[in-house]
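What follows is upload.csv (CSV, C-alpha atoms and all ligand atoms).
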```csv
chain,number,residue,atom,x,y,z
T,225,MET,CA,317.1,154.9,109.2
T,226,ILE,CA,317.5,151.2,110.0
T,227,GLY,CA,319.8,150.1,112.8
T,228,ILE,CA,321.5,146.8,112.5
T,229,MET,CA,323.2,145.3,115.5
T,230,SER,CA,325.2,142.2,116.5
T,231,ALA,CA,327.2,141.3,119.5
T,232,MET,CA,330.4,140.5,117.6
T,233,GLN,CA,332.0,142.0,114.6
T,234,GLU,CA,332.3,138.5,113.0
T,235,GLU,CA,328.5,138.4,112.8
T,236,ILE,CA,328.1,141.4,110.5
T,237,GLN,CA,331.5,141.6,108.8
T,238,ALA,CA,330.2,140.8,105.4
T,239,LEU,CA,327.5,143.5,105.7
T,240,LEU,CA,330.2,146.0,106.9
T,241,ASN,CA,332.3,145.2,103.8
T,242,HIS,CA,329.2,145.9,101.6
T,243,LEU,CA,328.2,149.2,103.3
T,244,GLU,CA,328.7,152.2,100.9
T,245,HIS,CA,329.4,155.9,101.7
T,246,THR,CA,330.5,154.9,105.2
T,247,GLU,CA,330.9,157.4,108.0
T,248,GLU,CA,332.3,156.2,111.3
T,249,TYR,CA,331.4,157.5,114.8
T,250,THR,CA,333.1,156.2,117.9
T,251,LYS,CA,331.1,156.6,121.1
T,252,GLY,CA,331.0,154.5,124.3
T,253,LYS,CA,334.0,152.4,123.1
T,254,ARG,CA,332.1,151.2,120.1
T,255,THR,CA,332.0,152.3,116.5
T,256,TYR,CA,328.9,153.1,114.6
T,257,TYR,CA,329.1,152.7,110.8
T,258,LYS,CA,326.6,154.8,108.9
T,259,GLY,CA,326.0,154.4,105.2
T,260,THR,CA,323.9,152.8,102.5
T,261,LEU,CA,323.3,149.1,102.5
T,262,PHE,CA,321.5,147.5,99.5
T,263,GLY,CA,320.1,151.0,98.7
T,264,LYS,CA,318.8,151.7,102.2
T,265,GLU,CA,320.2,154.1,104.9
T,266,ALA,CA,321.6,152.1,107.7
T,267,VAL,CA,323.8,152.2,110.8
T,268,LEU,CA,325.7,149.1,111.7
T,269,VAL,CA,327.3,148.4,115.1
T,270,PHE,CA,328.5,145.5,117.2
T,271,SER,CA,327.7,146.0,120.9
T,272,ARG,CA,329.9,143.3,122.5
T,273,TRP,CA,328.3,140.6,124.6
T,274,GLY,CA,325.6,140.8,127.2
T,275,LYS,CA,322.5,142.7,128.2
T,276,VAL,CA,324.2,145.9,129.4
T,277,ALA,CA,326.4,146.3,126.3
T,278,SER,CA,323.4,145.7,123.9
T,279,ALA,CA,321.0,147.9,125.8
T,280,THR,CA,323.3,150.9,125.8
T,281,THR,CA,324.1,150.3,122.1
T,282,ALA,CA,320.4,150.1,121.2
T,283,THR,CA,319.7,153.3,123.2
T,284,GLN,CA,322.5,155.1,121.4
T,285,LEU,CA,321.2,154.0,118.0
T,286,ILE,CA,317.7,155.3,118.8
T,287,ASN,CA,318.8,158.6,120.4
T,288,ASP,CA,321.8,159.6,118.3
T,289,PHE,CA,321.1,158.1,115.0
T,290,ASP,CA,317.3,158.4,114.8
T,291,VAL,CA,316.8,154.8,114.0
T,292,ASN,CA,313.2,154.0,113.4
T,293,GLU,CA,313.7,150.2,112.9
T,294,LEU,CA,316.2,148.1,114.8
T,295,ILE,CA,317.3,144.6,113.8
T,296,PHE,CA,319.6,142.4,115.9
T,297,THR,CA,321.3,139.6,114.1
T,298,GLY,CA,323.5,137.0,115.7
T,299,VAL,CA,323.9,133.4,116.8
T,300,ALA,CA,322.2,131.5,119.6
T,301,GLY,CA,322.3,128.2,121.4
T,302,GLY,CA,319.4,125.8,120.5
T,303,ILE,CA,317.2,125.0,123.5
T,304,HIS,CA,314.4,123.1,121.9
T,305,PRO,CA,315.5,119.6,120.8
T,306,ASP,CA,314.3,120.3,117.2
T,307,MET,CA,316.7,123.2,116.8
T,308,ASN,CA,319.8,122.2,114.8
T,309,ILE,CA,323.0,124.0,114.0
T,310,GLY,CA,322.4,126.3,110.9
T,311,ASP,CA,318.6,126.7,111.6
T,312,ILE,CA,317.3,130.3,111.8
T,313,VAL,CA,315.1,131.6,114.5
T,314,ILE,CA,313.0,134.8,113.9
T,315,GLY,CA,312.1,136.0,117.4
T,316,LYS,CA,308.4,136.2,118.3
T,317,GLN,CA,308.7,137.1,122.0
T,318,LEU,CA,311.8,137.9,124.0
T,319,VAL,CA,312.2,137.2,127.7
T,320,GLN,CA,315.1,137.8,130.2
T,321,HIS,CA,315.7,134.3,131.7
T,322,ASP,CA,318.0,135.7,134.4
T,323,MET,CA,315.6,138.3,135.8
T,324,ASN,CA,314.3,137.2,139.2
T,325,ALA,CA,312.8,139.7,141.6
T,326,SER,CA,310.5,137.1,143.2
T,327,PRO,CA,308.6,137.1,145.5
T,328,LEU,CA,308.1,140.8,144.9
T,329,TYR,CA,307.5,140.2,141.2
T,330,GLY,CA,306.8,137.2,139.1
T,331,LEU,CA,309.7,135.2,137.9
T,332,PHE,CA,311.3,136.9,134.8
T,333,GLU,CA,309.0,140.0,135.2
T,334,ILE,CA,310.8,143.3,134.7
T,335,PRO,CA,310.0,145.2,137.9
T,336,LEU,CA,307.8,148.3,137.5
T,337,LEU,CA,307.4,147.8,133.8
T,338,HIS,CA,304.7,145.1,134.3
T,339,LYS,CA,306.2,143.1,131.4
T,340,THR,CA,307.8,139.7,131.0
T,341,PHE,CA,307.6,139.1,127.3
T,342,PHE,CA,308.4,141.6,124.6
T,343,ASP,CA,306.8,141.2,121.1
T,344,THR,CA,308.7,141.8,117.9
T,345,HIS,CA,307.0,143.7,115.1
T,346,PRO,CA,304.5,141.3,113.4
T,347,GLU,CA,304.8,142.5,109.8
T,348,LYS,CA,308.6,142.9,109.9
T,349,ARG,CA,308.8,139.4,111.4
T,350,GLU,CA,306.9,138.0,108.4
T,351,GLN,CA,309.0,139.9,105.9
T,352,LEU,CA,312.2,138.7,107.6
T,353,THR,CA,311.0,135.1,107.7
T,354,ASN,CA,310.4,135.3,103.9
T,355,ALA,CA,313.9,136.8,103.4
T,356,CYS,CA,315.4,133.9,105.5
T,357,GLN,CA,313.4,131.2,103.7
T,358,GLN,CA,314.5,132.6,100.4
T,359,PHE,CA,318.1,132.2,101.5
T,360,ILE,CA,317.6,128.7,103.0
T,361,ASP,CA,316.0,127.5,99.8
T,362,THR,CA,319.3,128.2,98.0
T,363,TYR,CA,321.8,128.0,100.9
T,364,THR,CA,324.0,125.5,99.0
T,365,ASN,CA,324.9,128.3,96.6
T,366,VAL,CA,326.5,130.1,99.5
T,367,ILE,CA,327.6,127.4,102.0
T,368,SER,CA,329.7,124.7,100.4
T,369,GLU,CA,329.0,121.0,101.1
T,370,LYS,CA,332.3,120.8,102.9
T,371,GLU,CA,331.6,123.8,105.2
T,372,ALA,CA,328.1,122.4,105.9
T,373,ARG,CA,329.5,119.0,106.8
T,374,SER,CA,332.3,120.3,109.0
T,375,LEU,CA,329.8,122.4,111.0
T,376,ASP,CA,327.0,119.8,111.1
T,377,ILE,CA,324.6,121.9,109.0
T,378,MET,CA,321.9,119.7,107.5
T,379,ASN,CA,318.7,120.8,105.8
T,380,PRO,CA,318.4,124.1,107.8
T,381,LYS,CA,315.0,125.5,108.5
T,382,VAL,CA,313.5,128.9,109.5
T,383,VAL,CA,311.2,129.0,112.6
T,384,ILE,CA,309.4,131.9,114.3
T,385,GLY,CA,309.8,131.3,118.0
T,386,ASP,CA,310.4,132.7,121.5
T,387,ILE,CA,313.9,133.6,122.6
T,388,ALA,CA,315.4,133.8,126.1
T,389,SER,CA,318.3,136.1,126.9
T,390,GLY,CA,320.5,136.4,129.9
T,391,ASP,CA,324.1,137.1,131.0
T,392,GLN,CA,325.1,133.5,130.8
T,393,PHE,CA,326.6,131.2,128.1
T,394,ILE,CA,324.4,128.1,128.2
T,395,SER,CA,326.3,124.9,128.0
T,396,LYS,CA,325.0,122.8,130.9
T,397,ALA,CA,321.9,120.6,131.1
T,398,SER,CA,320.9,122.3,134.4
T,399,GLN,CA,320.8,125.7,132.6
T,400,VAL,CA,318.7,124.3,129.8
T,401,GLN,CA,316.4,122.6,132.2
T,402,PHE,CA,315.8,125.8,134.1
T,403,ILE,CA,314.8,127.6,130.9
T,404,THR,CA,312.6,124.8,129.5
T,405,THR,CA,310.9,124.2,132.9
T,406,HIS,CA,309.9,127.8,133.4
T,407,LEU,CA,309.7,129.0,129.7
T,408,GLU,CA,308.2,126.2,127.7
T,409,SER,CA,307.9,128.2,124.4
T,410,VAL,CA,311.6,129.1,124.2
T,411,VAL,CA,313.4,127.6,121.3
T,412,CYS,CA,316.9,129.2,121.7
T,413,ALA,CA,319.0,131.2,124.2
T,414,GLU,CA,321.4,134.1,123.7
T,415,MET,CA,322.7,137.1,125.7
T,416,GLU,CA,321.3,140.3,124.1
T,417,GLY,CA,317.9,140.1,122.4
T,418,ALA,CA,315.6,140.7,125.3
T,419,ALA,CA,317.7,143.7,126.5
T,420,VAL,CA,317.4,145.3,123.0
T,421,ALA,CA,313.7,144.3,123.1
T,422,GLN,CA,313.1,146.1,126.4
T,423,VAL,CA,314.9,149.3,125.1
T,424,CYS,CA,312.9,149.2,121.9
T,425,TYR,CA,309.6,148.7,123.9
T,426,GLU,CA,310.4,151.7,126.1
T,427,TYR,CA,311.3,154.0,123.2
T,428,GLU,CA,308.5,152.5,121.0
T,429,VAL,CA,310.8,151.5,118.1
T,430,PRO,CA,309.8,148.4,116.1
T,431,PHE,CA,312.4,145.7,116.3
T,432,SER,CA,313.3,142.3,115.1
T,433,ILE,CA,315.7,139.6,116.3
T,434,ILE,CA,317.3,137.1,114.0
T,435,ARG,CA,319.3,134.2,115.6
T,436,ILE,CA,321.2,131.5,113.7
T,437,ILE,CA,321.7,128.4,115.8
T,438,SER,CA,325.5,128.0,116.3
T,439,ASP,CA,325.4,125.3,118.9
T,440,LYS,CA,323.0,123.2,120.9
T,441,ALA,CA,323.7,124.8,124.3
T,442,ASN,CA,325.4,121.6,125.5
T,443,SER,CA,328.9,120.5,126.4
T,444,GLU,CA,330.0,120.9,122.8
T,445,ALA,CA,328.8,124.5,122.6
T,446,PRO,CA,332.2,126.0,123.6
T,447,ILE,CA,333.6,124.3,120.5
T,448,ASP,CA,330.7,124.7,118.0
T,449,PHE,CA,329.9,128.3,118.8
T,450,PRO,CA,333.3,129.9,117.9
T,451,LEU,CA,333.6,127.8,114.7
T,452,PHE,CA,330.2,128.8,113.5
T,453,VAL,CA,330.7,132.5,114.4
T,454,THR,CA,334.1,132.8,112.6
T,455,GLN,CA,333.1,130.7,109.5
T,456,ILE,CA,329.4,131.1,108.7
T,457,ALA,CA,327.4,133.6,110.7
T,458,SER,CA,328.3,136.6,108.6
T,459,LYS,CA,327.4,134.8,105.3
T,460,TYR,CA,323.9,134.1,106.7
T,461,ALA,CA,323.5,137.8,107.7
T,462,PHE,CA,324.6,139.0,104.4
T,463,GLU,CA,322.1,136.9,102.4
T,464,ILE,CA,319.3,137.6,104.8
T,465,PHE,CA,319.7,141.4,104.7
T,466,LYS,CA,320.2,141.3,100.9
T,467,ASN,CA,316.8,139.7,100.6
T,468,TYR,CA,315.1,141.8,103.2
T,469,LEU,CA,316.4,145.3,102.2
T,470,GLN,CA,316.3,144.9,98.4
T,501,LIG,N1,325.0,132.4,121.7
T,501,LIG,C1,325.4,131.3,121.0
T,501,LIG,N2,325.4,130.2,121.7
T,501,LIG,C2,325.0,130.5,122.9
T,501,LIG,C3,324.8,129.8,124.1
T,501,LIG,N3,325.0,128.5,124.1
T,501,LIG,N4,324.5,130.5,125.2
T,501,LIG,C4,324.3,131.8,125.2
T,501,LIG,N5,324.4,132.5,124.1
T,501,LIG,C5,324.8,131.9,123.0
```
Hey, can you dump this file as structure tokens for me?
Ligand code: ADE
Amino acid sequence: MIGIMSAMQEEIQALLNHLEHTEEYTKGKRTYYKGTLFGKEAVLVFSRWGKVASATTATQLINDFDVNELIFTGVAGGIHPDMNIGDIVIGKQLVQHDMNASPLYGLFEIPLLHKTFFDTHPEKREQLTNACQQFIDTYTNVISEKEARSLDIMNPKVVIGDIASGDQFISKASQVQFITTHLESVVCAEMEGAAVAQVCYEYEVPFSIIRIISDKANSEAPIDFPLFVTQIASKYAFEIFKNYLQ
């Protein structure tokens, strides 16, 4: 059973519409949609925003739905200057940029777990990258020129990179500077991935994180982010999962 999570319904709506033989379970104020997606058994759920919401949802997926692969898909703010709106990041390592128990533990280290970075599954990461590249090579079939222009999507690319998560929407230069100063390898920031990563590490479930750049984590982010989420994110997710699962 594969678990597919996002933070917002908009990010997986097209996948939900395509799910067959759907059974619904409501637990913890969220609905889990179980069914068949592109021929594979899957459970879909949106967790709501943040590390607590996503960690509890991931735990429920593992314990109640016997998920043996978990994929989080959603949007992120670009942190590295080369990241543009519409690019796709496949997470390599996940880190919680708002964890700070220093001087007792290293900055960002999860106390008692002796871990700062959580690795995604290497083979699944490669397979997902191929699925994303397949979509990007033909994205103009799915995203119209008008849509791409209105959202500033130009020649999107797929990168494998490190992702930072925290309970903060990143839109100020000082926030970006904190992340880039302490975590040089990070390419984008979001609010759930590293929490899901920690849960999957603790339960030994292979996981992957897909993040589509919706904004550049700057003063325009509060405008760019909702436009991208409502208009485009779900189309990306649909095409990526079609390629990955089929
Ligand atoms: N998700 C999408 N854009 C984001 C941002 N700028 N900060 C945090 N999470 C995000």
Practice item. Check the smallest atom-to-atom distance from each of T:Thr250, T:Ile303, T:Leu294, T:Cys424 to Glu408 (chain T) using all atoms listed in the file, then report the winner. Key: T:Ile303
Check your understanding: Counting only C-alpha atoms and all ligand atoms, which protein, DNA or RNA residues come within 10 Å of ligand LIG 501 (chain T), given as a ChimeraX atom specification?
Key -> /T:231,273-274,298-303,388-396,399-400,412-416,435-446,448-450,452-453
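Pairwise distance (CA of Ile314 (chain T), CA of Ile384 (chain T)) equals 4.6 Å.
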Review point. For Glu371 (chain T), which of T:Tyr468, T:Ile228, T:Gly310, T:Tyr329 is the closest residue, counting all atoms listed in the file?
Key: T:Gly310
Practice item. Pick out the residues sitting within 10 Å of region 317-327 of chain T, and hand them over as a PyMOL selection string; count only C-alpha atoms, and ignore anything fewer than 5 positions along from it in its own chain. Key: chain T and resi 275+332-335+339-345+384-392+402-403+406-407+409-410+413-422+432-433
Check your understanding: Which neighbours of His242 (chain T) fall inside 9 Å, counting only C-alpha atoms, when residues of the same chain fewer than 6 positions from it are skipped, and could you give them as a PyMOL selection string?
Key -> chain T and resi 260-262+462
Restricting the output to C-alpha atoms, write the selected residues as a short mmCIF file (atom, residue, chain, number, x, y, z; two decimals), keeping the file's coordinate frame.
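Once everything was written out, this is out-v1.cif:
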```
data_model
loop_
_atom_site.label_atom_id
_atom_site.label_comp_id
_atom_site.auth_asym_id
_atom_site.auth_seq_id
_atom_site.Cartn_x
_atom_site.Cartn_y
_atom_site.Cartn_z
CA THR T 260 323.90 152.80 102.50
CA LEU T 261 323.30 149.10 102.50
CA PHE T 262 321.50 147.50 99.50
CA PHE T 462 324.60 139.00 104.40
#
```
Check your understanding: When distances are computed from only C-alpha atoms, which of T:Val267, T:Val366, T:Val411, T:Ile236 shows the smallest separation from Tyr249 (chain T)?
Key -> T:Val267
